[in-house]
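Structure file query.txt with compact mmCIF, C-alpha atoms:
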# COMPACT_ATOMS: atom_id res chain seq x y z
CA MET A 378 20.79 -7.25 -13.78
CA SER A 379 22.52 -4.73 -15.98
CA SER A 380 26.09 -3.78 -15.20
CA CYS A 381 25.18 -0.14 -14.65
CA THR A 382 23.02 -1.03 -11.65
CA THR A 383 25.80 -2.89 -9.86
CA GLN A 384 28.74 -0.54 -10.30
CA GLY A 385 29.90 2.34 -8.21
CA LEU A 386 29.05 1.91 -4.56
CA THR A 387 31.74 0.77 -2.16
CA ILE A 388 30.93 -1.71 0.60
CA ASP A 389 30.69 1.12 3.13
CA GLN A 390 28.39 3.10 0.83
CA VAL A 391 26.17 0.04 0.34
CA LEU A 392 25.91 -0.44 4.11
CA THR A 393 25.13 3.24 4.61
CA GLU A 394 22.43 3.29 1.95
CA LEU A 395 20.81 0.08 3.17
CA THR A 396 20.76 1.63 6.65
CA GLU A 397 19.44 5.01 5.55
CA HIS A 398 16.65 3.98 3.16
CA PRO A 399 14.26 2.72 5.87
CA LYS A 400 14.96 5.90 7.88
CA ALA A 401 14.17 8.04 4.84
CA ILE A 402 10.93 6.16 4.24
CA ALA A 403 9.97 6.56 7.92
CA ALA A 404 10.61 10.31 7.80
CA LEU A 405 8.76 10.67 4.51
CA THR A 406 5.67 8.81 5.68
CA ALA A 407 5.47 9.96 9.31
CA GLY A 408 2.03 11.28 10.08
CA LEU A 409 0.57 10.66 6.65
CA PRO A 410 -3.05 9.50 6.70
CA ARG A 411 -3.93 6.03 5.45
CA ALA A 412 -5.52 7.40 2.29
CA ARG A 413 -2.30 9.18 1.35
CA LEU A 414 -0.29 5.99 1.85
CA HIS A 415 -2.68 3.63 0.08
CA ARG A 416 -3.94 5.69 -2.83
CA SER A 417 -2.04 6.84 -5.85
CA SER A 418 -2.26 10.44 -6.93
CA ARG A 419 -3.14 9.37 -10.47
CA ARG A 420 -4.96 6.40 -11.89
CA GLY A 421 -2.62 3.60 -12.88
CA GLU A 422 0.27 4.81 -10.71
CA TRP A 423 1.61 3.21 -7.57
CA SER A 424 0.74 4.36 -4.09
CA VAL A 425 3.37 4.64 -1.36
CA ASN A 426 2.10 1.30 -0.04
CA ASP A 427 2.52 -0.27 -3.50
CA VAL A 428 6.13 0.91 -3.60
CA LEU A 429 6.73 -0.54 -0.14
CA ALA A 430 5.22 -3.86 -1.22
CA HIS A 431 7.57 -3.87 -4.21
CA LEU A 432 10.58 -3.04 -2.02
CA ARG A 433 9.67 -5.85 0.37
CA SER A 434 9.43 -8.31 -2.50
CA CYS A 435 12.82 -7.26 -3.87
CA SER A 436 14.33 -7.44 -0.41
CA ASP A 437 12.89 -10.94 0.06
CA VAL A 438 14.40 -12.19 -3.17
CA TRP A 439 17.75 -10.42 -3.25
CA GLY A 440 18.25 -10.67 0.51
CA LYS A 441 17.71 -14.42 0.31
CA TYR A 442 20.28 -14.65 -2.48
CA ILE A 443 22.79 -12.74 -0.35
CA ALA A 444 22.19 -15.00 2.66
CA THR A 445 22.47 -18.13 0.50
CA ILE A 446 25.74 -16.99 -1.08
CA ILE A 447 27.18 -16.25 2.36
CA ALA A 448 25.98 -19.55 3.86
CA LYS A 449 26.97 -21.90 1.04
CA ASP A 450 30.11 -22.35 -0.99
CA ARG A 451 29.40 -21.27 -4.58
CA PRO A 452 25.71 -22.23 -4.65
CA THR A 453 23.55 -22.38 -7.73
CA ILE A 454 20.50 -20.14 -7.42
CA ARG A 455 17.47 -20.17 -9.67
CA ALA A 456 16.56 -16.54 -10.31
CA VAL A 457 13.10 -15.40 -9.25
CA ASN A 458 11.75 -12.10 -10.49
CA PRO A 459 10.51 -10.00 -7.54
CA THR A 460 7.50 -9.03 -9.67
CA THR A 461 6.61 -12.72 -9.85
CA TRP A 462 7.44 -13.29 -6.18
CA ILE A 463 5.13 -10.52 -4.97
CA LYS A 464 2.17 -12.45 -6.40
CA SER A 465 2.81 -15.16 -3.77
CA THR A 466 2.62 -12.58 -0.96
CA ASN A 467 -0.08 -10.39 0.52
CA TYR A 468 2.20 -7.33 0.66
CA PRO A 469 0.07 -5.06 -1.55
CA GLU A 470 -3.00 -5.65 0.65
CA LEU A 471 -1.27 -5.06 3.99
CA GLU A 472 -1.64 -1.87 5.98
CA PHE A 473 1.39 0.36 5.59
CA ALA A 474 2.56 0.53 9.23
CA PRO A 475 2.84 -3.22 9.96
CA SER A 476 4.26 -3.87 6.50
CA PHE A 477 6.87 -1.18 7.02
CA ARG A 478 7.77 -2.63 10.44
CA ALA A 479 8.33 -6.02 8.77
CA PHE A 480 10.54 -4.34 6.14
CA VAL A 481 12.59 -2.64 8.88
CA ARG A 482 13.02 -5.94 10.79
CA GLN A 483 14.10 -7.73 7.62
CA ARG A 484 16.57 -4.95 6.85
CA ALA A 485 18.05 -5.14 10.34
CA GLN A 486 18.64 -8.87 9.84
CA LEU A 487 20.30 -8.32 6.46
CA LEU A 488 22.52 -5.55 7.85
CA ALA A 489 23.53 -7.71 10.81
CA LEU A 490 24.62 -10.39 8.35
CA LEU A 491 26.47 -7.97 6.05
CA ARG A 492 28.19 -5.99 8.82
CA THR A 493 29.83 -9.15 10.20
CA LEU A 494 31.00 -10.24 6.75
CA PRO A 495 34.76 -9.95 6.24
CA ARG A 496 35.70 -7.83 3.21
CA ALA A 497 36.66 -10.97 1.28
CA GLY A 498 33.17 -12.37 1.93
CA TRP A 499 31.64 -9.68 -0.27
CA SER A 500 33.21 -11.37 -3.29
CA ARG A 501 31.64 -14.76 -2.51
CA SER A 502 29.57 -15.78 -5.52
CA ALA A 503 26.80 -17.96 -6.82
CA THR A 504 25.87 -19.25 -10.23
CA VAL A 505 22.49 -17.79 -11.08
CA THR A 506 20.31 -19.68 -13.53
CA GLY A 507 17.06 -18.79 -15.25
CA GLY A 508 16.38 -15.96 -17.67
CA GLY A 509 19.22 -16.75 -20.04
CA ARG A 510 22.59 -18.33 -19.65
CA PRO A 511 23.96 -18.94 -16.16
CA ARG A 512 25.97 -16.07 -14.71
CA GLU A 513 28.11 -15.46 -11.66
CA ARG A 514 26.85 -12.94 -9.10
CA THR A 515 28.52 -11.83 -5.89
CA VAL A 516 27.24 -10.66 -2.52
CA LEU A 517 28.48 -7.18 -3.39
CA GLU A 518 26.63 -7.15 -6.71
CA TYR A 519 23.33 -8.08 -5.08
CA ALA A 520 23.85 -5.63 -2.21
CA ARG A 521 24.68 -2.84 -4.67
CA TRP A 522 21.67 -3.76 -6.77
CA LEU A 523 19.41 -3.61 -3.72
CA ALA A 524 20.83 -0.26 -2.57
CA ASN A 525 20.61 1.36 -6.02
CA HIS A 526 17.14 -0.01 -6.65
CA GLU A 527 15.86 1.21 -3.30
CA ARG A 528 17.38 4.65 -3.81
CA SER A 529 15.33 5.07 -6.97
CA HIS A 530 12.16 3.97 -5.17
CA VAL A 531 12.74 6.24 -2.17
CA LYS A 532 12.83 9.07 -4.74
CA HIS A 533 9.69 7.56 -6.27
CA MET A 534 7.96 7.65 -2.85
CA THR A 535 9.06 11.25 -2.41
CA ARG A 536 7.45 12.20 -5.73
CA ILE A 537 4.23 10.44 -4.71
CA VAL A 538 4.09 12.12 -1.31
CA THR A 539 4.91 15.58 -2.60
CA SER A 540 2.65 15.51 -5.66
CA PRO A 541 -0.79 17.06 -5.38
CA THR A 542 -3.30 14.32 -4.84
CA THR A 543 -6.14 13.83 -7.26
CA ALA A 544 -7.48 10.81 -5.43
CA SER A 545 -10.77 11.35 -3.67
CA PRO A 546 -10.58 11.49 0.13
CA GLY A 547 -11.77 8.62 2.23

Output the file's structure as structure tokens, nothing else.
Amino acid sequence: MSSCTTQGLTIDQVLTELTEHPKAIAALTAGLPRARLHRSSRRGEWSVNDVLAHLRSCSDVWGKYIATIIAKDRPTIRAVNPTTWIKSTNYPELEFAPSFRAFVRQRAQLLALLRTLPRAGWSRSATVTGGGRPRERTVLEYARWLANHERSHVKHMTRIVTSPTTASPG
């Protein structure tokens, strides 16, 4: 995690973004046919469903880290790359609507956990190992990372949905 991806957002901004991203995705994808959700507009690029699968994988990994840091006193966490994690899931093969509902449920659980966290709890930390030397990461860093990462992928989904499709219908 680079420092530029974890700086900037306040706790309230993080909570707002994590609340708004699923709403933005719902609005963006409402009424789109399956083909538009599951096919990319250009060969080699992600479809909307691929982006959702990626977001779910990241939310699995980083959300679990957040929950672990909150539940345990200074835990040690072995880092897992969401790109590696997704290979153990069936997210890319799932239909968009049920996959999105699962994402929304997971987000509601994460927000319930974060909204009840006292301000001081956001600075709770873990030692993260793997991928180099161990480093300290806080709840706030992971929550910021998730919010910033999702913001970029909501924009990515917008580009996919608004670009002319070159995929064949069907």

Near-Val425 of chain A list (8 Å; only C-alpha atoms; drop same-chain fewer than 4 positions) as a ChimeraX atom specification:
/A:413-417,429,534,537-538

Saved selection, atoms kept: C-alpha atoms, as a PDB file, in the coordinates of the input:
ATOM      1  CA  ARG A 413      -2.300   9.180   1.350  1.00  0.00           C
ATOM      2  CA  LEU A 414      -0.290   5.990   1.850  1.00  0.00           C
ATOM      3  CA  HIS A 415      -2.680   3.630   0.080  1.00  0.00           C
ATOM      4  CA  ARG A 416      -3.940   5.690  -2.830  1.00  0.00           C
ATOM      5  CA  SER A 417      -2.040   6.840  -5.850  1.00  0.00           C
ATOM      6  CA  LEU A 429       6.730  -0.540  -0.140  1.00  0.00           C
ATOM      7  CA  MET A 534       7.960   7.650  -2.850  1.00  0.00           C
ATOM      8  CA  ILE A 537       4.230  10.440  -4.710  1.00  0.00           C
ATOM      9  CA  VAL A 538       4.090  12.120  -1.310  1.00  0.00           C
TER      10      VAL A 538
END

Find the distance between atom CA of Phe480 of chain A and atom CA of Lys449 of chain A and write it in Å to one decimal.
24.6 Å

Can I get the residues of segment 502-532 of chain A within 12 Å of segment 388-407 of chain A, each with the closest pair of atoms and their distance in Å to one decimal, using all atoms listed in the file, sorted chain first then ascending number, as JSON lines?
{"residue": "A:Val516", "atom": "CA", "partner": "A:Ile388", "partner_atom": "CA", "distance": 10.2}
{"residue": "A:Leu517", "atom": "CA", "partner": "A:Ile388", "partner_atom": "CA", "distance": 7.2}
{"residue": "A:Glu518", "atom": "CA", "partner": "A:Ile388", "partner_atom": "CA", "distance": 10.1}
{"residue": "A:Tyr519", "atom": "CA", "partner": "A:Val391", "partner_atom": "CA", "distance": 10.2}
{"residue": "A:Ala520", "atom": "CA", "partner": "A:Val391", "partner_atom": "CA", "distance": 6.6}
{"residue": "A:Arg521", "atom": "CA", "partner": "A:Val391", "partner_atom": "CA", "distance": 6.0}
{"residue": "A:Trp522", "atom": "CA", "partner": "A:Val391", "partner_atom": "CA", "distance": 9.2}
{"residue": "A:Leu523", "atom": "CA", "partner": "A:Leu395", "partner_atom": "CA", "distance": 7.9}
{"residue": "A:Ala524", "atom": "CA", "partner": "A:Leu395", "partner_atom": "CA", "distance": 5.8}
{"residue": "A:Asn525", "atom": "CA", "partner": "A:Glu394", "partner_atom": "CA", "distance": 8.4}
{"residue": "A:His526", "atom": "CA", "partner": "A:Leu395", "partner_atom": "CA", "distance": 10.5}
{"residue": "A:Glu527", "atom": "CA", "partner": "A:His398", "partner_atom": "CA", "distance": 7.1}
{"residue": "A:Arg528", "atom": "CA", "partner": "A:His398", "partner_atom": "CA", "distance": 7.0}
{"residue": "A:Ser529", "atom": "CA", "partner": "A:His398", "partner_atom": "CA", "distance": 10.3}
{"residue": "A:His530", "atom": "CA", "partner": "A:His398", "partner_atom": "CA", "distance": 9.5}
{"residue": "A:Val531", "atom": "CA", "partner": "A:Ile402", "partner_atom": "CA", "distance": 6.7}
{"residue": "A:Lys532", "atom": "CA", "partner": "A:Ile402", "partner_atom": "CA", "distance": 9.6}

Gap from atom CA of Leu471 of chain A to atom CA of His431 of chain A - Å, one decimal
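Pair atom CA of Leu471 of chain A / atom CA of His431 of chain A returns 12.1 Å.
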
Counting all atoms listed in the file, the residue of A:Arg496, A:Tyr442, A:Leu490, A:Glu470 that sits nearest Ser424 of chain A:
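Result for the nearest residue to Ser424 of chain A: A:Glu470.
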
Who sits within 12 Å of Asn458 of chain A, all atoms listed in the file, same chain under 6 positions skipped, as a PyMOL selection string:
chain A and resi 378+431+434-439+442+464-465+506-508

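Contact shell of Ala503 of chain A at 6 Å (all atoms listed in the file; same-chain neighbours under 5 positions omitted): Ile446, Arg451, Pro452, Thr453, Glu513 and Arg514 of chain A.
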
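A straight line drawn from atom CA of Ala430 of chain A to atom CA of Thr539 of chain A is 19.5 Å long.
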
Find the residue from A:Val457, A:Ile447, A:Leu432, A:Ala489 that sits nearest to Pro469 of chain A; use only C-alpha atoms when measuring.
A:Leu432

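Closest approach to Phe477 of chain A among A:Asp427, A:Asp450, A:Arg510, A:Gly385: A:Asp427, based on all atoms listed in the file.
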
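If you measure from each of A:Ala474, A:Arg455, A:Thr460, A:Ala479 to Asn426 of chain A using only C-alpha atoms, the closest one turns out to be A:Ala474.
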
Any chance you could build segment 447-458 of chain A out to all heavy atoms and write it as a PDB file, in the frame of the given file?
ATOM      1  N   ILE A 447      26.325 -16.303   1.175  1.00  0.00           N
ATOM      2  CA  ILE A 447      27.180 -16.250   2.360  1.00  0.00           C
ATOM      3  C   ILE A 447      27.225 -17.614   3.058  1.00  0.00           C
ATOM      4  O   ILE A 447      28.277 -18.053   3.510  1.00  0.00           O
ATOM      5  CB  ILE A 447      26.705 -15.139   3.318  1.00  0.00           C
ATOM      6  CG1 ILE A 447      26.969 -13.761   2.681  1.00  0.00           C
ATOM      7  CG2 ILE A 447      27.389 -15.261   4.681  1.00  0.00           C
ATOM      8  CD1 ILE A 447      26.332 -12.601   3.421  1.00  0.00           C
ATOM      9  N   ALA A 448      26.083 -18.290   3.104  1.00  0.00           N
ATOM     10  CA  ALA A 448      25.980 -19.550   3.860  1.00  0.00           C
ATOM     11  C   ALA A 448      26.568 -20.753   3.137  1.00  0.00           C
ATOM     12  O   ALA A 448      27.006 -21.708   3.775  1.00  0.00           O
ATOM     13  CB  ALA A 448      24.522 -19.817   4.206  1.00  0.00           C
ATOM     14  N   LYS A 449      26.544 -20.736   1.818  1.00  0.00           N
ATOM     15  CA  LYS A 449      26.970 -21.900   1.040  1.00  0.00           C
ATOM     16  C   LYS A 449      28.157 -21.549   0.156  1.00  0.00           C
ATOM     17  O   LYS A 449      28.301 -20.416  -0.285  1.00  0.00           O
ATOM     18  CB  LYS A 449      25.816 -22.412   0.170  1.00  0.00           C
ATOM     19  CG  LYS A 449      24.626 -22.880   0.978  1.00  0.00           C
ATOM     20  CD  LYS A 449      23.523 -23.390   0.082  1.00  0.00           C
ATOM     21  CE  LYS A 449      22.348 -23.877   0.911  1.00  0.00           C
ATOM     22  NZ  LYS A 449      21.268 -24.362   0.067  1.00  0.00           N
ATOM     23  N   ASP A 450      28.956 -22.561  -0.129  1.00  0.00           N
ATOM     24  CA  ASP A 450      30.110 -22.350  -0.990  1.00  0.00           C
ATOM     25  C   ASP A 450      29.698 -22.472  -2.454  1.00  0.00           C
ATOM     26  O   ASP A 450      29.327 -23.558  -2.909  1.00  0.00           O
ATOM     27  CB  ASP A 450      31.209 -23.372  -0.645  1.00  0.00           C
ATOM     28  CG  ASP A 450      32.521 -23.060  -1.316  1.00  0.00           C
ATOM     29  OD1 ASP A 450      32.804 -21.859  -1.538  1.00  0.00           O
ATOM     30  OD2 ASP A 450      33.258 -24.009  -1.628  1.00  0.00           O
ATOM     31  N   ARG A 451      29.711 -21.338  -3.154  1.00  0.00           N
ATOM     32  CA  ARG A 451      29.400 -21.270  -4.580  1.00  0.00           C
ATOM     33  C   ARG A 451      28.090 -21.983  -4.945  1.00  0.00           C
ATOM     34  O   ARG A 451      28.070 -22.875  -5.784  1.00  0.00           O
ATOM     35  CB  ARG A 451      30.565 -21.770  -5.416  1.00  0.00           C
ATOM     36  CG  ARG A 451      31.831 -20.946  -5.201  1.00  0.00           C
ATOM     37  CD  ARG A 451      32.966 -21.236  -6.151  1.00  0.00           C
ATOM     38  NE  ARG A 451      32.600 -21.260  -7.547  1.00  0.00           N
ATOM     39  CZ  ARG A 451      32.380 -20.179  -8.323  1.00  0.00           C
ATOM     40  NH1 ARG A 451      32.472 -18.989  -7.819  1.00  0.00           N
ATOM     41  NH2 ARG A 451      32.073 -20.315  -9.586  1.00  0.00           N
ATOM     42  N   PRO A 452      26.984 -21.580  -4.344  1.00  0.00           N
ATOM     43  CA  PRO A 452      25.710 -22.230  -4.650  1.00  0.00           C
ATOM     44  C   PRO A 452      25.220 -21.900  -6.058  1.00  0.00           C
ATOM     45  O   PRO A 452      25.689 -20.954  -6.688  1.00  0.00           O
ATOM     46  CB  PRO A 452      24.758 -21.628  -3.609  1.00  0.00           C
ATOM     47  CG  PRO A 452      25.327 -20.257  -3.366  1.00  0.00           C
ATOM     48  CD  PRO A 452      26.830 -20.449  -3.439  1.00  0.00           C
ATOM     49  N   THR A 453      24.282 -22.694  -6.509  1.00  0.00           N
ATOM     50  CA  THR A 453      23.550 -22.380  -7.730  1.00  0.00           C
ATOM     51  C   THR A 453      22.171 -21.912  -7.285  1.00  0.00           C
ATOM     52  O   THR A 453      21.502 -22.573  -6.494  1.00  0.00           O
ATOM     53  CB  THR A 453      23.436 -23.607  -8.647  1.00  0.00           C
ATOM     54  OG1 THR A 453      24.750 -23.995  -9.041  1.00  0.00           O
ATOM     55  CG2 THR A 453      22.600 -23.298  -9.880  1.00  0.00           C
ATOM     56  N   ILE A 454      21.769 -20.756  -7.789  1.00  0.00           N
ATOM     57  CA  ILE A 454      20.500 -20.140  -7.420  1.00  0.00           C
ATOM     58  C   ILE A 454      19.658 -19.981  -8.666  1.00  0.00           C
ATOM     59  O   ILE A 454      20.142 -19.490  -9.685  1.00  0.00           O
ATOM     60  CB  ILE A 454      20.731 -18.749  -6.779  1.00  0.00           C
ATOM     61  CG1 ILE A 454      21.544 -18.877  -5.491  1.00  0.00           C
ATOM     62  CG2 ILE A 454      19.409 -18.043  -6.539  1.00  0.00           C
ATOM     63  CD1 ILE A 454      22.004 -17.542  -4.922  1.00  0.00           C
ATOM     64  N   ARG A 455      18.420 -20.395  -8.572  1.00  0.00           N
ATOM     65  CA  ARG A 455      17.470 -20.170  -9.670  1.00  0.00           C
ATOM     66  C   ARG A 455      16.858 -18.799  -9.468  1.00  0.00           C
ATOM     67  O   ARG A 455      16.229 -18.531  -8.446  1.00  0.00           O
ATOM     68  CB  ARG A 455      16.405 -21.246  -9.690  1.00  0.00           C
ATOM     69  CG  ARG A 455      15.324 -20.985 -10.712  1.00  0.00           C
ATOM     70  CD  ARG A 455      15.295 -22.059 -11.771  1.00  0.00           C
ATOM     71  NE  ARG A 455      14.212 -21.810 -12.707  1.00  0.00           N
ATOM     72  CZ  ARG A 455      14.418 -21.464 -13.965  1.00  0.00           C
ATOM     73  NH1 ARG A 455      15.637 -21.358 -14.441  1.00  0.00           N
ATOM     74  NH2 ARG A 455      13.405 -21.255 -14.772  1.00  0.00           N
ATOM     75  N   ALA A 456      17.057 -17.911 -10.421  1.00  0.00           N
ATOM     76  CA  ALA A 456      16.560 -16.540 -10.310  1.00  0.00           C
ATOM     77  C   ALA A 456      15.038 -16.519 -10.237  1.00  0.00           C
ATOM     78  O   ALA A 456      14.353 -17.275 -10.927  1.00  0.00           O
ATOM     79  CB  ALA A 456      17.032 -15.715 -11.491  1.00  0.00           C
ATOM     80  N   VAL A 457      14.538 -15.648  -9.382  1.00  0.00           N
ATOM     81  CA  VAL A 457      13.100 -15.400  -9.250  1.00  0.00           C
ATOM     82  C   VAL A 457      12.924 -13.895  -9.437  1.00  0.00           C
ATOM     83  O   VAL A 457      13.605 -13.100  -8.788  1.00  0.00           O
ATOM     84  CB  VAL A 457      12.585 -15.816  -7.859  1.00  0.00           C
ATOM     85  CG1 VAL A 457      11.130 -15.426  -7.677  1.00  0.00           C
ATOM     86  CG2 VAL A 457      12.793 -17.299  -7.623  1.00  0.00           C
ATOM     87  N   ASN A 458      12.026 -13.510 -10.286  1.00  0.00           N
ATOM     88  CA  ASN A 458      11.750 -12.100 -10.490  1.00  0.00           C
ATOM     89  C   ASN A 458      10.900 -11.606  -9.317  1.00  0.00           C
ATOM     90  O   ASN A 458       9.865 -12.203  -9.012  1.00  0.00           O
ATOM     91  CB  ASN A 458      10.992 -11.920 -11.804  1.00  0.00           C
ATOM     92  CG  ASN A 458      10.796 -10.472 -12.162  1.00  0.00           C
ATOM     93  OD1 ASN A 458      10.468  -9.643 -11.313  1.00  0.00           O
ATOM     94  ND2 ASN A 458      10.980 -10.165 -13.429  1.00  0.00           N
TER      95      ASN A 458
END
